$ cat start-v9.cif   # mmCIF, C-alpha atoms
data_query
loop_
_atom_site.label_atom_id
_atom_site.label_comp_id
_atom_site.auth_asym_id
_atom_site.auth_seq_id
_atom_site.Cartn_x
_atom_site.Cartn_y
_atom_site.Cartn_z
CA MET A 12 -105.99 -89.81 -125.35
CA SER A 13 -102.73 -89.05 -123.56
CA ARG A 14 -101.92 -90.24 -120.04
CA LEU A 15 -102.25 -86.69 -118.78
CA GLU A 16 -105.73 -86.28 -120.32
CA LYS A 17 -106.84 -89.52 -118.69
CA ALA A 18 -105.44 -88.36 -115.35
CA SER A 19 -107.24 -85.02 -115.69
CA ILE A 20 -110.57 -86.70 -116.37
CA GLY A 21 -109.95 -89.00 -113.40
CA ALA A 22 -109.17 -86.05 -111.10
CA VAL A 23 -112.32 -84.19 -112.17
CA ALA A 24 -114.42 -87.32 -111.64
CA LEU A 25 -112.91 -87.78 -108.18
CA MET A 26 -113.73 -84.17 -107.27
CA ALA A 27 -117.34 -84.71 -108.43
CA LEU A 28 -117.52 -87.80 -106.20
CA ALA A 29 -116.09 -85.81 -103.30
CA GLY A 30 -118.74 -83.14 -103.90
CA ALA A 31 -121.44 -85.80 -103.79
CA ALA A 32 -120.01 -87.16 -100.53
CA ILE A 33 -119.89 -83.68 -99.00
CA PHE A 34 -123.47 -82.77 -99.87
CA PHE A 35 -125.33 -86.09 -99.68
CA TYR A 36 -123.31 -88.45 -97.48
CA ALA A 37 -121.73 -86.34 -94.74
CA PRO A 38 -123.84 -85.51 -91.66
CA THR A 39 -125.20 -81.97 -91.20
CA ASP A 40 -123.57 -80.07 -88.37
CA PHE A 41 -125.83 -79.71 -85.33
CA LEU A 42 -124.81 -76.12 -84.51
CA GLN A 43 -123.70 -74.61 -87.81
CA GLY A 44 -126.00 -76.37 -90.26
CA ALA A 45 -125.17 -76.75 -93.95
CA VAL A 46 -122.42 -74.12 -93.95
CA GLN A 47 -120.15 -76.50 -92.03
CA ARG A 48 -119.87 -78.51 -95.29
CA ILE A 49 -117.36 -75.87 -96.39
CA PHE A 50 -114.97 -77.51 -93.91
CA TYR A 51 -114.18 -80.49 -96.14
CA LEU A 52 -112.87 -78.56 -99.13
CA HIS A 53 -111.52 -75.67 -97.03
CA VAL A 54 -109.14 -77.84 -95.02
CA SER A 55 -108.32 -80.11 -97.97
CA SER A 56 -107.28 -77.24 -100.20
CA ALA A 57 -105.18 -75.75 -97.39
CA ILE A 58 -103.33 -79.07 -97.09
CA ALA A 59 -103.00 -79.29 -100.89
CA ALA A 60 -101.55 -75.75 -100.90
CA TYR A 61 -98.96 -76.72 -98.28
CA GLY A 62 -98.08 -79.72 -100.44
CA CYS A 63 -97.64 -77.48 -103.48
CA PHE A 64 -95.37 -75.11 -101.54
CA ALA A 65 -93.35 -78.06 -100.31
CA VAL A 66 -92.80 -78.83 -104.02
CA VAL A 67 -91.58 -75.22 -104.46
CA LEU A 68 -89.21 -75.61 -101.51
CA LEU A 69 -87.84 -78.95 -102.70
CA GLY A 70 -87.58 -77.82 -106.33
CA GLY A 71 -85.73 -74.67 -105.26
CA ALA A 72 -83.36 -76.50 -102.94
CA ILE A 73 -82.58 -79.16 -105.57
CA PHE A 74 -82.02 -76.46 -108.19
CA LEU A 75 -79.58 -74.59 -105.93
CA ARG A 76 -77.59 -77.79 -105.40
CA THR A 77 -77.68 -79.40 -108.82
CA GLU A 78 -78.68 -76.63 -111.30
CA ASN A 79 -81.22 -79.04 -112.70
CA TYR A 80 -83.80 -77.00 -114.61
CA ALA A 81 -86.47 -79.69 -114.29
CA ALA A 82 -86.45 -79.04 -110.52
CA ASP A 83 -86.94 -75.35 -111.20
CA ARG A 84 -89.89 -76.09 -113.49
CA TRP A 85 -91.51 -78.23 -110.78
CA ALA A 86 -91.02 -75.32 -108.36
CA ARG A 87 -92.69 -72.90 -110.79
CA ALA A 88 -95.59 -75.28 -111.33
CA GLY A 89 -95.99 -75.85 -107.58
CA ALA A 90 -96.06 -72.12 -106.84
CA LEU A 91 -98.81 -71.39 -109.35
CA VAL A 92 -101.03 -74.30 -108.29
CA GLY A 93 -100.34 -73.56 -104.63
CA VAL A 94 -101.50 -69.95 -105.04
CA VAL A 95 -104.71 -71.25 -106.65
CA PHE A 96 -105.38 -73.60 -103.71
CA THR A 97 -104.52 -70.89 -101.16
CA THR A 98 -107.02 -68.59 -102.88
CA VAL A 99 -109.67 -71.32 -102.66
CA THR A 100 -108.88 -71.80 -98.95
CA LEU A 101 -109.07 -68.08 -98.21
CA VAL A 102 -112.29 -67.46 -100.14
CA MET A 103 -114.10 -70.49 -98.68
CA GLY A 104 -112.84 -69.61 -95.21
CA MET A 105 -114.12 -66.05 -95.55
CA LEU A 106 -117.58 -67.28 -96.62
CA TRP A 107 -117.67 -69.65 -93.66
CA ALA A 108 -116.42 -66.93 -91.27
CA LYS A 109 -119.14 -64.51 -92.43
CA LYS A 110 -121.79 -67.06 -91.47
CA VAL A 111 -120.25 -68.34 -88.23
CA TRP A 112 -118.15 -65.47 -86.86
CA GLY A 113 -120.24 -62.68 -88.39
CA ALA A 114 -117.41 -61.08 -90.36
CA PHE A 115 -115.51 -62.00 -93.52
CA TRP A 116 -112.19 -61.31 -91.86
CA VAL A 117 -110.81 -61.36 -88.33
CA TRP A 118 -107.11 -60.92 -87.57
CA ASP A 119 -106.66 -64.46 -86.36
CA ALA A 120 -103.45 -66.49 -86.45
CA ARG A 121 -104.41 -68.82 -89.27
CA LEU A 122 -106.08 -66.16 -91.38
CA THR A 123 -103.08 -63.87 -91.05
CA SER A 124 -100.52 -66.56 -91.77
CA THR A 125 -102.54 -67.87 -94.75
CA LEU A 126 -102.76 -64.35 -96.13
CA VAL A 127 -99.00 -63.94 -95.71
CA LEU A 128 -98.54 -67.32 -97.43
CA TRP A 129 -100.63 -66.11 -100.37
CA ILE A 130 -98.70 -62.80 -100.56
CA ILE A 131 -95.29 -64.53 -100.44
CA TYR A 132 -96.05 -66.97 -103.24
CA ALA A 133 -97.86 -64.34 -105.32
CA GLY A 134 -94.57 -62.43 -104.90
CA TYR A 135 -92.69 -65.55 -106.04
CA LEU A 136 -94.78 -65.61 -109.23
CA LEU A 137 -94.07 -61.89 -109.71
CA VAL A 138 -90.32 -62.51 -109.36
CA ARG A 139 -90.62 -65.10 -112.14
CA ARG A 140 -92.57 -62.69 -114.31
CA LEU A 141 -90.21 -59.74 -113.79
CA THR A 142 -86.88 -61.54 -114.23
CA GLU A 143 -85.39 -62.61 -117.52
CA PRO A 144 -85.79 -66.40 -117.58
CA GLY A 145 -82.55 -68.24 -116.94
CA ARG A 146 -80.13 -69.37 -114.29
CA GLN A 147 -80.17 -66.11 -112.33
CA ALA A 148 -83.98 -65.96 -112.18
CA ALA A 149 -84.21 -69.59 -111.08
CA ARG A 150 -81.67 -69.09 -108.29
CA LEU A 151 -83.33 -65.92 -107.00
CA ALA A 152 -86.77 -67.53 -107.09
CA ALA A 153 -85.43 -70.59 -105.25
CA VAL A 154 -84.22 -68.35 -102.41
CA VAL A 155 -87.62 -66.61 -102.29
CA GLY A 156 -89.39 -69.98 -102.19
CA ILE A 157 -87.20 -71.26 -99.36
CA PHE A 158 -87.64 -68.10 -97.27
CA GLY A 159 -91.37 -68.10 -97.90
CA PHE A 160 -91.66 -71.65 -96.61
CA VAL A 161 -89.63 -70.83 -93.48
CA ASP A 162 -91.50 -67.62 -92.79
CA VAL A 163 -95.00 -69.08 -92.72
CA PRO A 164 -94.62 -71.21 -89.57
CA VAL A 165 -92.80 -68.27 -87.94
CA VAL A 166 -95.64 -65.89 -88.77
CA HIS A 167 -98.13 -68.49 -87.63
CA PHE A 168 -96.37 -69.01 -84.34
CA SER A 169 -96.02 -65.30 -83.65
CA VAL A 170 -99.67 -64.56 -84.37
CA THR A 171 -100.85 -67.55 -82.33
CA TRP A 172 -98.83 -66.16 -79.50
CA TRP A 173 -100.55 -62.83 -80.22
CA VAL A 174 -104.21 -63.83 -80.47
CA THR A 175 -106.33 -66.56 -82.06
CA HIS A 176 -110.00 -67.27 -82.75
CA HIS A 177 -109.56 -70.13 -85.15
CA PRO A 178 -110.52 -73.61 -83.93
CA GLY A 179 -107.59 -75.96 -83.46
CA PRO A 180 -107.24 -79.05 -85.62
CA VAL A 181 -110.19 -80.87 -84.04
CA ILE A 182 -111.04 -83.98 -86.01
CA ILE A 183 -111.99 -86.44 -83.29
CA ASN A 184 -114.88 -85.44 -81.08
CA ASP A 185 -116.02 -87.91 -78.45
CA ALA A 186 -119.50 -86.40 -78.32
CA LEU A 187 -120.33 -87.69 -81.81
CA PRO A 188 -122.03 -91.06 -82.20
CA PRO A 189 -119.52 -93.47 -83.79
CA GLU A 190 -121.41 -94.01 -87.07
CA MET A 191 -121.70 -90.24 -87.60
CA LEU A 192 -118.02 -89.82 -86.79
CA ALA A 193 -117.20 -92.52 -89.34
CA THR A 194 -119.16 -90.80 -92.16
CA PHE A 195 -117.62 -87.47 -91.21
CA LEU A 196 -114.10 -88.85 -91.17
CA PHE A 197 -114.64 -90.79 -94.38
CA THR A 198 -115.92 -87.70 -96.22
CA PHE A 199 -113.03 -85.61 -94.92
CA LEU A 200 -110.30 -88.09 -95.81
CA PHE A 201 -111.90 -88.86 -99.18
CA THR A 202 -112.16 -85.15 -100.06
CA MET A 203 -108.57 -84.64 -98.99
CA PHE A 204 -107.42 -87.54 -101.15
CA CYS A 205 -109.33 -86.22 -104.18
CA THR A 206 -108.00 -82.69 -103.69
CA LEU A 207 -104.43 -83.95 -103.43
CA VAL A 208 -104.89 -85.95 -106.65
CA LEU A 209 -106.29 -82.87 -108.34
CA ALA A 210 -103.33 -80.77 -107.13
CA ALA A 211 -100.85 -83.38 -108.35
CA VAL A 212 -102.48 -83.52 -111.79
CA MET A 213 -102.60 -79.71 -112.00
CA ILE A 214 -98.90 -79.45 -111.08
CA THR A 215 -98.01 -82.06 -113.70
CA ILE A 216 -99.97 -80.21 -116.39
CA ARG A 217 -98.32 -76.94 -115.40
CA TYR A 218 -94.92 -78.67 -115.46
CA ARG A 219 -95.57 -79.71 -119.06
CA ILE A 220 -96.54 -76.13 -119.95
CA GLU A 221 -93.39 -74.77 -118.27
CA THR A 222 -91.28 -77.32 -120.18
CA LEU A 223 -92.80 -76.21 -123.49
CA MET A 224 -92.27 -72.56 -122.56
CA ASP A 225 -88.63 -73.24 -121.71
CA LEU A 226 -88.17 -74.93 -125.08
CA LYS A 227 -89.65 -71.87 -126.75
CA GLN A 228 -87.21 -69.68 -124.81
CA LEU A 229 -84.31 -71.72 -126.15
CA VAL A 230 -85.45 -71.37 -129.77
CA PRO A 231 -87.06 -67.93 -130.09
CA SER A 232 -88.36 -66.87 -133.48
CA PRO A 233 -86.24 -64.10 -135.09
CA VAL A 234 -89.10 -61.57 -135.14
CA GLN A 235 -89.65 -61.99 -131.42
CA VAL A 236 -86.01 -61.38 -130.69
CA VAL A 237 -86.16 -58.03 -132.48
CA ILE A 238 -89.33 -56.93 -130.72
CA THR A 239 -88.72 -58.07 -127.18
CA ARG A 240 -85.04 -57.29 -127.05
CA GLU A 241 -84.38 -54.80 -124.26
CA PRO A 242 -81.22 -52.72 -124.06
CA GLU A 243 -78.64 -54.30 -121.80
CA PRO A 244 -78.15 -52.45 -118.52
CA VAL A 245 -74.97 -50.38 -118.62
CA GLN A 246 -72.31 -52.44 -116.92
CA MET B 11 -58.97 -63.61 -95.78
CA ASN B 12 -60.60 -63.14 -92.41
CA PRO B 13 -64.36 -62.88 -93.13
CA PHE B 14 -64.96 -60.58 -90.15
CA ARG B 15 -62.35 -58.13 -91.33
CA ALA B 16 -63.73 -58.29 -94.85
CA ALA B 17 -67.26 -57.59 -93.58
CA ILE B 18 -66.06 -54.65 -91.47
CA ALA B 19 -64.14 -53.30 -94.47
CA VAL B 20 -67.24 -53.46 -96.70
CA ALA B 21 -69.36 -51.80 -94.01
CA ARG B 22 -66.73 -49.13 -93.52
CA LYS B 23 -66.61 -48.46 -97.25
CA ASP B 24 -70.39 -47.95 -97.36
CA LEU B 25 -70.42 -45.74 -94.29
CA VAL B 26 -67.49 -43.61 -95.51
CA SER B 27 -69.21 -43.14 -98.84
CA GLU B 28 -72.39 -42.14 -96.99
CA TRP B 29 -70.37 -39.76 -94.79
CA ARG B 30 -68.87 -38.11 -97.86
CA THR B 31 -72.12 -37.70 -99.78
CA ARG B 32 -74.49 -37.39 -96.81
CA GLU B 33 -77.44 -38.45 -98.95
CA MET B 34 -79.27 -41.23 -97.15
CA VAL B 35 -79.39 -40.23 -93.49
CA PRO B 36 -80.82 -36.71 -93.98
CA ALA B 37 -83.34 -38.07 -96.49
CA LEU B 38 -84.40 -40.89 -94.14
CA ALA B 39 -84.62 -38.52 -91.17
CA GLN B 40 -86.83 -36.15 -93.12
CA PHE B 41 -88.89 -39.09 -94.31
CA VAL B 42 -89.65 -40.37 -90.79
CA VAL B 43 -90.60 -36.87 -89.59
CA LEU B 44 -92.97 -36.63 -92.56
CA ALA B 45 -94.43 -40.01 -91.60
CA LEU B 46 -95.13 -38.70 -88.08
CA LEU B 47 -96.80 -35.65 -89.61
CA ILE B 48 -99.06 -37.85 -91.72
CA GLY B 49 -99.79 -40.01 -88.67
CA ASN B 50 -100.87 -36.91 -86.78
CA PHE B 51 -103.36 -35.89 -89.46
CA GLY B 52 -104.55 -39.42 -90.14
CA PHE B 53 -105.39 -40.27 -86.53
CA GLN B 54 -106.47 -37.15 -84.59
CA ILE B 55 -104.00 -37.78 -81.79
CA ASP B 56 -104.48 -36.33 -78.32
CA SER B 57 -102.75 -37.05 -75.01
CA ARG B 58 -105.18 -39.89 -74.14
CA ASN B 59 -104.94 -42.02 -77.28
CA ALA B 60 -101.29 -41.24 -78.11
CA PRO B 61 -99.79 -44.30 -76.32
CA SER B 62 -102.03 -46.68 -78.29
CA ILE B 63 -101.43 -45.02 -81.68
CA ALA B 64 -97.76 -44.01 -81.43
CA PRO B 65 -96.36 -47.58 -81.61
CA GLY B 66 -98.25 -48.17 -84.86
CA ILE B 67 -96.93 -44.97 -86.40
CA LEU B 68 -93.44 -45.85 -85.19
CA TRP B 69 -93.50 -49.22 -86.98
CA LEU B 70 -95.07 -47.82 -90.15
CA ALA B 71 -92.41 -45.12 -90.36
CA LEU B 72 -89.63 -47.58 -89.57
CA VAL B 73 -90.76 -50.21 -92.07
CA PHE B 74 -91.03 -47.78 -94.94
CA ALA B 75 -87.79 -46.01 -94.03
CA GLY B 76 -86.19 -49.48 -93.99
CA LEU B 77 -87.51 -50.24 -97.48
CA ILE B 78 -85.98 -47.00 -98.77
CA ALA B 79 -82.67 -47.66 -96.99
CA PHE B 80 -82.32 -51.27 -98.18
CA GLY B 81 -83.52 -50.41 -101.67
CA ARG B 82 -80.51 -48.09 -101.93
CA THR B 83 -78.03 -50.61 -100.45
CA PHE B 84 -76.99 -52.01 -103.80
CA ALA B 85 -77.76 -48.89 -105.86
CA ALA B 86 -74.20 -47.58 -105.88
CA GLU B 87 -72.84 -51.07 -106.65
CA ARG B 88 -75.28 -51.44 -109.51
CA GLU B 89 -74.60 -48.02 -110.99
CA GLN B 90 -70.84 -48.47 -110.94
CA SER B 91 -70.77 -52.26 -111.38
CA SER B 92 -68.57 -52.44 -108.31
CA LEU B 93 -70.29 -55.56 -106.95
CA GLU B 94 -68.60 -57.69 -109.61
CA ALA B 95 -65.26 -56.20 -108.59
CA MET B 96 -65.95 -56.90 -104.93
CA LEU B 97 -66.92 -60.49 -105.72
CA MET B 98 -63.62 -60.97 -107.56
CA THR B 99 -61.69 -60.25 -104.37
CA PRO B 100 -60.85 -63.20 -102.07
CA ALA B 101 -63.54 -62.01 -99.62
CA SER B 102 -66.39 -64.51 -99.41
CA PRO B 103 -69.82 -63.39 -100.69
CA VAL B 104 -71.20 -63.97 -97.19
CA ALA B 105 -68.72 -61.48 -95.73
CA ILE B 106 -69.64 -58.91 -98.40
CA PHE B 107 -73.31 -59.45 -97.68
CA ALA B 108 -72.75 -59.14 -93.91
CA GLY B 109 -70.84 -55.89 -94.44
CA LYS B 110 -73.60 -54.41 -96.57
CA ALA B 111 -76.24 -55.47 -94.04
CA LEU B 112 -74.20 -54.01 -91.20
CA ALA B 113 -73.83 -50.66 -92.96
CA ALA B 114 -77.53 -50.56 -93.83
CA SER B 115 -78.53 -51.28 -90.25
CA VAL B 116 -76.23 -48.53 -88.97
CA LEU B 117 -77.96 -46.10 -91.36
CA LEU B 118 -81.36 -47.27 -90.18
CA ILE B 119 -80.33 -46.93 -86.53
CA LEU B 120 -79.18 -43.36 -87.28
CA CYS B 121 -82.64 -42.72 -88.68
CA GLU B 122 -84.14 -44.17 -85.48
CA VAL B 123 -82.04 -41.68 -83.53
CA VAL B 124 -84.23 -39.04 -85.18
CA LEU B 125 -87.47 -41.03 -85.15
CA LEU B 126 -87.66 -41.93 -81.44
CA PRO B 127 -87.02 -38.42 -80.03
CA ALA B 128 -89.43 -37.01 -82.62
CA LEU B 129 -92.06 -39.50 -81.47
CA TRP B 130 -91.49 -38.39 -77.88
CA LEU B 131 -91.56 -34.71 -78.86
CA PHE B 132 -94.67 -34.80 -81.03
CA PHE B 133 -96.80 -37.45 -79.32
CA GLY B 134 -95.52 -37.26 -75.75
CA THR B 135 -95.03 -41.01 -75.50
CA PRO B 136 -92.28 -42.22 -73.16
CA VAL B 137 -89.21 -43.45 -75.06
CA SER B 138 -87.55 -45.74 -72.55
CA ALA B 139 -84.54 -48.04 -72.88
CA GLY B 140 -87.07 -50.85 -73.47
CA VAL B 141 -88.42 -49.17 -76.61
CA VAL B 142 -84.90 -48.53 -77.91
CA LEU B 143 -83.86 -52.15 -77.31
CA ALA B 144 -86.95 -53.52 -79.12
CA VAL B 145 -86.44 -51.22 -82.10
CA ILE B 146 -82.73 -52.09 -82.41
CA LEU B 147 -83.37 -55.84 -82.12
CA ALA B 148 -86.02 -55.60 -84.84
CA THR B 149 -83.65 -53.54 -86.99
CA ILE B 150 -81.02 -56.30 -86.96
CA GLY B 151 -83.38 -58.94 -88.31
CA MET B 152 -85.07 -56.56 -90.74
CA ALA B 153 -81.66 -55.50 -92.06
CA SER B 154 -80.53 -59.06 -92.72
CA LEU B 155 -83.73 -59.90 -94.63
CA GLY B 156 -83.92 -56.50 -96.30
CA CYS B 157 -80.36 -56.68 -97.59
CA LEU B 158 -80.78 -60.21 -98.90
CA PHE B 159 -83.85 -59.25 -100.89
CA ALA B 160 -82.26 -55.97 -102.00
CA ALA B 161 -79.46 -58.10 -103.44
CA ILE B 162 -82.03 -60.37 -105.09
CA VAL B 163 -83.97 -57.57 -106.75
CA ALA B 164 -80.88 -55.53 -107.68
CA ARG B 165 -80.72 -57.34 -111.02
CA VAL B 166 -84.44 -57.35 -111.71
CA ARG B 167 -86.20 -54.84 -113.93
CA ALA B 168 -88.95 -53.67 -111.55
CA ARG B 169 -86.86 -53.66 -108.38
CA GLU B 170 -88.74 -50.80 -106.71
CA LEU B 171 -91.95 -52.79 -107.14
CA LEU B 172 -90.60 -56.12 -106.00
CA LEU B 173 -88.58 -55.17 -102.92
CA PRO B 174 -91.59 -54.21 -100.74
CA LEU B 175 -93.63 -57.15 -102.02
CA LEU B 176 -90.94 -59.66 -101.07
CA THR B 177 -89.64 -58.03 -97.91
CA LEU B 178 -92.75 -56.86 -96.07
CA PRO B 179 -94.32 -60.32 -95.58
CA LEU B 180 -91.02 -61.61 -94.21
CA TRP B 181 -90.77 -58.68 -91.81
CA ILE B 182 -94.17 -59.43 -90.26
CA PRO B 183 -92.75 -61.57 -87.39
CA PHE B 184 -90.51 -58.66 -86.38
CA ILE B 185 -93.40 -56.22 -86.55
CA ILE B 186 -95.60 -58.50 -84.43
CA ALA B 187 -93.01 -59.09 -81.71
CA GLY B 188 -91.51 -55.59 -81.93
CA GLY B 189 -94.95 -54.00 -81.88
CA GLN B 190 -95.86 -55.97 -78.78
CA ALA B 191 -92.60 -55.03 -77.05
CA VAL B 192 -92.96 -51.31 -77.84
CA GLN B 193 -96.61 -51.29 -76.78
CA SER B 194 -95.88 -52.87 -73.41
CA ALA B 195 -92.85 -50.59 -72.92
CA MET B 196 -95.18 -47.65 -73.52
CA GLY B 197 -97.56 -48.84 -70.81
CA LEU B 198 -100.11 -50.97 -72.68
CA PRO B 199 -100.80 -54.52 -71.44
CA GLY B 200 -98.64 -57.37 -72.72
CA SER B 201 -95.49 -59.25 -71.76
CA TYR B 202 -92.37 -57.26 -72.63
CA ASP B 203 -89.85 -60.00 -71.78
CA GLN B 204 -91.59 -62.59 -73.92
CA ALA B 205 -91.70 -60.20 -76.89
CA ILE B 206 -88.00 -59.37 -76.53
CA GLY B 207 -87.22 -63.10 -76.29
CA LEU B 208 -89.12 -63.70 -79.54
CA LEU B 209 -87.28 -60.84 -81.24
CA ILE B 210 -83.93 -62.37 -80.26
CA ASP B 211 -85.09 -65.78 -81.55
CA PHE B 212 -86.18 -64.31 -84.87
CA ASP B 213 -82.92 -62.36 -85.15
CA ILE B 214 -80.85 -65.51 -84.71
CA LEU B 215 -83.03 -67.52 -87.12
CA PHE B 216 -83.00 -64.98 -89.92
CA VAL B 217 -79.38 -63.85 -89.55
CA VAL B 218 -78.29 -67.49 -89.89
CA LEU B 219 -80.67 -68.20 -92.80
CA THR B 220 -79.78 -65.07 -94.74
CA SER B 221 -76.06 -65.75 -94.31
CA LEU B 222 -76.61 -69.26 -95.70
CA ALA B 223 -78.62 -67.89 -98.62
CA ALA B 224 -76.29 -64.97 -99.39
CA ARG B 225 -73.89 -67.30 -101.21
CA PHE B 226 -76.55 -68.21 -103.79
CA VAL B 227 -77.71 -64.64 -104.28
CA LEU B 228 -74.36 -62.89 -104.55
CA ASP B 229 -72.08 -65.29 -106.39
CA GLU B 230 -71.17 -64.55 -110.07
#
$ encode --input "start-v9.cif" --output "structure tokens"
Amino acid sequence: MSRLEKASIGAVALMALAGAAIFFYAPTDFLQGAVQRIFYLHVSSAIAAYGCFAVVLLGGAIFLRTENYAADRWARAGALVGVVFTTVTLVMGMLWAKKVWGAFWVWDARLTSTLVLWIIYAGYLLVRRLTEPGRQAARLAAVVGIFGFVDVPVVHFSVTWWVTHHPGPVIINDALPPEMLATFLFTFLFTMFCTLVLAAVMITIRYRIETLMDLKQLVPSPVQVVITREPEPVQ
Amino acid sequence: MNPFRAAIAVARKDLVSEWRTREMVPALAQFVVLALLIGNFGFQIDSRNAPSIAPGILWLALVFAGLIAFGRTFAAEREQSSLEAMLMTPASPVAIFAGKALAASVLLILCEVVLLPALWLFFGTPVSAGVVLAVILATIGMASLGCLFAAIVARVRARELLLPLLTLPLWIPFIIAGGQAVQSAMGLPGSYDQAIGLLIDFDILFVVLTSLAARFVLDE
């Protein structure tokens, strides 16, 4: 078994443990009931998504400076995994919102900025799909990744200034008895740790796939060249 | 070579070529009038609800006119491969980019010269200096982002598909702050000064960022 396979099994086992902690160990919310258990994975996957997009930003910036293709592959891997985690955040948030706010979607600061985040990085993946792989594509995608990362706090700030319904980052609540607060905090931090491990393993796997795909690009089979060859644009 | 003079020269070249062909501005002007027409049928506008609907139609028309204008920014350069020639001159890529963005924003402002009076004529909403200022401030930032991404997608196969997908999410801050400014200038509640302040902040942020990024998009 390779190191990566072991890591994958470990990440899945950790997520199963986190699930057990969420459903059997964490206290039930007094007001919201069981649906509040969405919180643990909802916030964790949002943080994991931000981590992934930070990888895109760093990978893009390093590529622009050094032209190191490994950095570009990390950026590609981070974008894909980040979009997956953003999707998880959005879907779980919508389910929670339906129960608590009465509607799947409200135009709140965080919802809007998370949707914009999703759209920007889905656009990043489209840029990768629609450009011929190579130096040009990597540079363009790096610029998109950097602008996407800058735009999200800006969007968030402008919509917060506009209107917000979303609760702030409330973790510590004095009204909770200390032992309940401890179980709550433990479950949250443990779920976050497991999700981050999962994200890291997923990015590493994707990085390996991107590396193999790049190798294939370098040595294309002759038949493929004939079929996929497009006419050069008239210069 | 003085970068400011280079930028002005590039902008002048684009504007002269537009003046000689007169393609973009009439097309954009007709496009925004059509957008107002569609807004009229889509919303059932009367004198009471016009002030709350008109700002939305204004921004929709402006955003899509902007996408058309910036999508064409590099069209002539692509068709005649003149971008490579321009990059071979001693002018820095940033100056070339700034010139193209300047010309595109002038074209978009010309289209606003049609859009705002048409909005006043058809919907009866007041078009004050406040509305004009908000729209022009938003145009500056939108032009810098729009031109950068137009340069990015100019060499991509599906550029018509990609330009709106990449540009629209990045324009959202301008639409939020600009929308707020126009609404309060048209008499709806909201702080006008704060919205204008935000627009200026976003303009500075994105003009600086796009100028930094232009080097990586335009070189070679």
$ closest_residue --input "start-v9.cif" --among "B:Gln54, B:Pro103, B:Leu117, B:Glu94" --to "Val26 of chain B" --atoms "all atoms listed in the file"
B:Leu117
$ closest_residue --input "start-v9.cif" --among "B:Leu118, B:Ile214, B:Leu173, B:Ile162" --to "chain A" --atoms "only C-alpha atoms"
B:Ile162
$ closest_residue --input "start-v9.cif" --among "B:Leu208, B:Leu147, B:Ala86, B:Ser102" --to "Thr31 of chain B" --atoms "only C-alpha atoms"
B:Ala86
$ resolve_selection --input "start-v9.cif" --expression "the PyMOL selection byres ((chain B) within 9 of (chain A))" --output "JSON, numbers by chain"
{"B": [88, 89, 90, 91, 159, 162, 163, 165, 166, 167, 168, 169, 172, 175, 176, 177, 179, 180, 182, 183, 186, 187, 190, 208, 212, 219, 220, 223, 226, 227]}
$ resolve_selection --input "start-v9.cif" --expression "the PyMOL selection byres ((chain A and resi 47) around 12)" --output "list in words"
Ile33, Phe34, Ala37, Pro38, Thr39, Asp40, Phe41, Leu42, Gln43, Gly44, Ala45, Val46, Arg48, Ile49, Phe50, Tyr51, Leu52, His53, Val54, Met103, Gly104, Leu106, Trp107, Ala108, Lys110, Val111, Phe195 and Phe199 of chain A
$ write_last_selection --input "start-v9.cif" --atoms "C-alpha atoms" --output "CSV table (one decimal), in the frame of the given file"
chain,number,residue,atom,x,y,z
A,33,ILE,CA,-119.9,-83.7,-99.0
A,34,PHE,CA,-123.5,-82.8,-99.9
A,37,ALA,CA,-121.7,-86.3,-94.7
A,38,PRO,CA,-123.8,-85.5,-91.7
A,39,THR,CA,-125.2,-82.0,-91.2
A,40,ASP,CA,-123.6,-80.1,-88.4
A,41,PHE,CA,-125.8,-79.7,-85.3
A,42,LEU,CA,-124.8,-76.1,-84.5
A,43,GLN,CA,-123.7,-74.6,-87.8
A,44,GLY,CA,-126.0,-76.4,-90.3
A,45,ALA,CA,-125.2,-76.8,-94.0
A,46,VAL,CA,-122.4,-74.1,-94.0
A,48,ARG,CA,-119.9,-78.5,-95.3
A,49,ILE,CA,-117.4,-75.9,-96.4
A,50,PHE,CA,-115.0,-77.5,-93.9
A,51,TYR,CA,-114.2,-80.5,-96.1
A,52,LEU,CA,-112.9,-78.6,-99.1
A,53,HIS,CA,-111.5,-75.7,-97.0
A,54,VAL,CA,-109.1,-77.8,-95.0
A,103,MET,CA,-114.1,-70.5,-98.7
A,104,GLY,CA,-112.8,-69.6,-95.2
A,106,LEU,CA,-117.6,-67.3,-96.6
A,107,TRP,CA,-117.7,-69.6,-93.7
A,108,ALA,CA,-116.4,-66.9,-91.3
A,110,LYS,CA,-121.8,-67.1,-91.5
A,111,VAL,CA,-120.2,-68.3,-88.2
A,195,PHE,CA,-117.6,-87.5,-91.2
A,199,PHE,CA,-113.0,-85.6,-94.9
$ resolve_selection --input "start-v9.cif" --expression "the PyMOL selection byres ((chain A and resi 59) around 7)" --output "mmCIF file with C-alpha atoms, in the frame of the given file"
data_model
loop_
_atom_site.group_PDB
_atom_site.id
_atom_site.type_symbol
_atom_site.label_atom_id
_atom_site.label_comp_id
_atom_site.auth_asym_id
_atom_site.auth_seq_id
_atom_site.Cartn_x
_atom_site.Cartn_y
_atom_site.Cartn_z
ATOM 1 C CA SER A 55 -108.320 -80.110 -97.970
ATOM 2 C CA SER A 56 -107.280 -77.240 -100.200
ATOM 3 C CA ALA A 57 -105.180 -75.750 -97.390
ATOM 4 C CA ILE A 58 -103.330 -79.070 -97.090
ATOM 5 C CA ALA A 60 -101.550 -75.750 -100.900
ATOM 6 C CA TYR A 61 -98.960 -76.720 -98.280
ATOM 7 C CA GLY A 62 -98.080 -79.720 -100.440
ATOM 8 C CA CYS A 63 -97.640 -77.480 -103.480
ATOM 9 C CA PHE A 96 -105.380 -73.600 -103.710
ATOM 10 C CA THR A 206 -108.000 -82.690 -103.690
ATOM 11 C CA LEU A 207 -104.430 -83.950 -103.430
ATOM 12 C CA ALA A 210 -103.330 -80.770 -107.130
#
